[in-house]
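For reference, the structure is listed below as structure tokens.
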Amino acid sequence: MKLFSIFYILSFIPYISAYVAIPYATAQLWADMLMLLFSLSSVYQILYILYLRKKDGVSLGKSIGRYFLCLSFVAIIIGIIILGDTYINGYTPTAFLTGEILGETVYGLEALKEDGFSTYLGSVLIMSGIVIEIVYLIINIYLKKIDKKHST
């Protein structure tokens, strides 16, 4: 792998830190720095797809495919964080508008069962990430077979 490709793959790490910083993104310095890093990474990814990929000898289609592959890994990691947070920190039922506590905090599998939104969101992120990775692998295998046929 070439230098720009390695930086491109590493530029997806701030997506995860940006997800973690979202609740604190109002005035805290570290959250602002993470959001800046996330923004710079996004700009670098666009720059890579449009220009830097040519220096690494990567086609436009392959660079876009790598984008979705890396994004699917990020989706899986964020899904695991969501489910793990609910499992470990628990779920406390609250009123929608007032935030009034309506019941006791539950932990573990019971929390995942009670907090339908977090469980659904985490599961959807994990499953969609896996589907995107499988589609990427199938397309990649198919394109390699086509290249073998044309080279012989």
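Each chain of the structure tokens is named A, B, ... in the order shown, its residues numbered from 1; ligands are numbered from 1 in display order.
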Next on the checklist: Excluding region 9-17 of chain A and its own-chain neighbours fewer than 4 positions away, which residues fall within 12 Å of it when counting only C-alpha atoms? Please give them as number ranges by chain.
Outcome noted: A: 1-5, 21-25, 30-49, 63, 66-82
Item to check | Shell around Val135 (chain A) at 12 Å using only C-alpha atoms, local window under 3 positions removed, as a list in words | outcome: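 That gives Gly65, Arg66, Phe68, Leu69, Ser72, Ser128, Gly129, Ile130, Val131, Ile132, Ile138, Ile139, Asn140, Ile141 and Tyr142 of chain A.
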Item to check | Residues near Gly103 (chain A), cut-off 10 Å, only C-alpha atoms, skip fewer than 2 positions along chain, as number ranges by chain | outcome: A: 91-95, 100-101, 105-106
Any chance you can output those residues with N, CA, C and O atoms as a compact mmCIF listing (two decimals), in the first residue's frame?
# COMPACT_ATOMS: atom_id res chain seq x y z
N TYR A 91 -30.00 1.18 31.10
CA TYR A 91 -31.07 1.98 30.49
C TYR A 91 -32.04 2.39 31.58
O TYR A 91 -32.52 1.55 32.35
N THR A 92 -32.35 3.68 31.64
CA THR A 92 -33.34 4.20 32.58
C THR A 92 -34.49 4.78 31.78
O THR A 92 -34.29 5.73 31.02
N PRO A 93 -35.69 4.21 31.91
CA PRO A 93 -36.83 4.77 31.16
C PRO A 93 -37.18 6.17 31.67
O PRO A 93 -37.26 6.40 32.87
N THR A 94 -37.34 7.10 30.73
CA THR A 94 -37.67 8.48 31.07
C THR A 94 -38.80 8.99 30.18
O THR A 94 -39.03 8.46 29.09
N ALA A 95 -39.47 10.03 30.65
CA ALA A 95 -40.53 10.68 29.87
C ALA A 95 -39.89 11.41 28.70
O ALA A 95 -38.79 11.95 28.81
N GLU A 100 -38.49 13.06 32.99
CA GLU A 100 -38.81 12.49 34.30
C GLU A 100 -38.53 10.99 34.29
O GLU A 100 -38.89 10.27 33.34
N ILE A 101 -37.88 10.49 35.33
CA ILE A 101 -37.53 9.07 35.42
C ILE A 101 -38.81 8.28 35.69
O ILE A 101 -39.55 8.56 36.63
N THR A 105 -33.26 1.72 36.68
CA THR A 105 -32.25 1.45 35.66
C THR A 105 -32.03 -0.06 35.58
O THR A 105 -31.90 -0.73 36.60
N VAL A 106 -32.01 -0.55 34.35
CA VAL A 106 -31.74 -1.98 34.13
C VAL A 106 -30.43 -2.10 33.35
O VAL A 106 -30.05 -1.19 32.61
Checklist entry - Near Gly116 (chain A), within 12 Å and counting only C-alpha atoms, which residues show up once chain neighbours fewer than 6 positions away are dropped, as a ChimeraX atom specification? => result /A:82-83,86,91,93,109-110,122-124
Next on the checklist: Give me, as an NGL selection string, the residues of chain A that a backbone DSSP run labels strand (DSSP E or B).
Outcome noted: :A and (91 or 94 or 101 or 106)
Checklist entry - With only C-alpha atoms as the basis for distance, which of A:His150, A:Lys144, A:Lys113, A:Arg53 is at the shortest distance from Tyr87 (chain A)? => result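 Closest candidate: A:Lys113.
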Next on the checklist: Rounded to one decimal, what separation in Å do you get between CA of Asp85 (chain A) and CA of Leu29 (chain A)?
Outcome noted: 23.5 Å
Checklist entry - What gap, in Å, lies between CA of Asn89 (chain A) and CA of Tyr107 (chain A)? => result 6.7 Å
Item to check | Sel. of alpha helix (DSSP H) residues, chain A, as a PyMOL selection string | outcome: chain A and resi 3-10+13-21+29-47+53-56+60-89+109-114+116-151
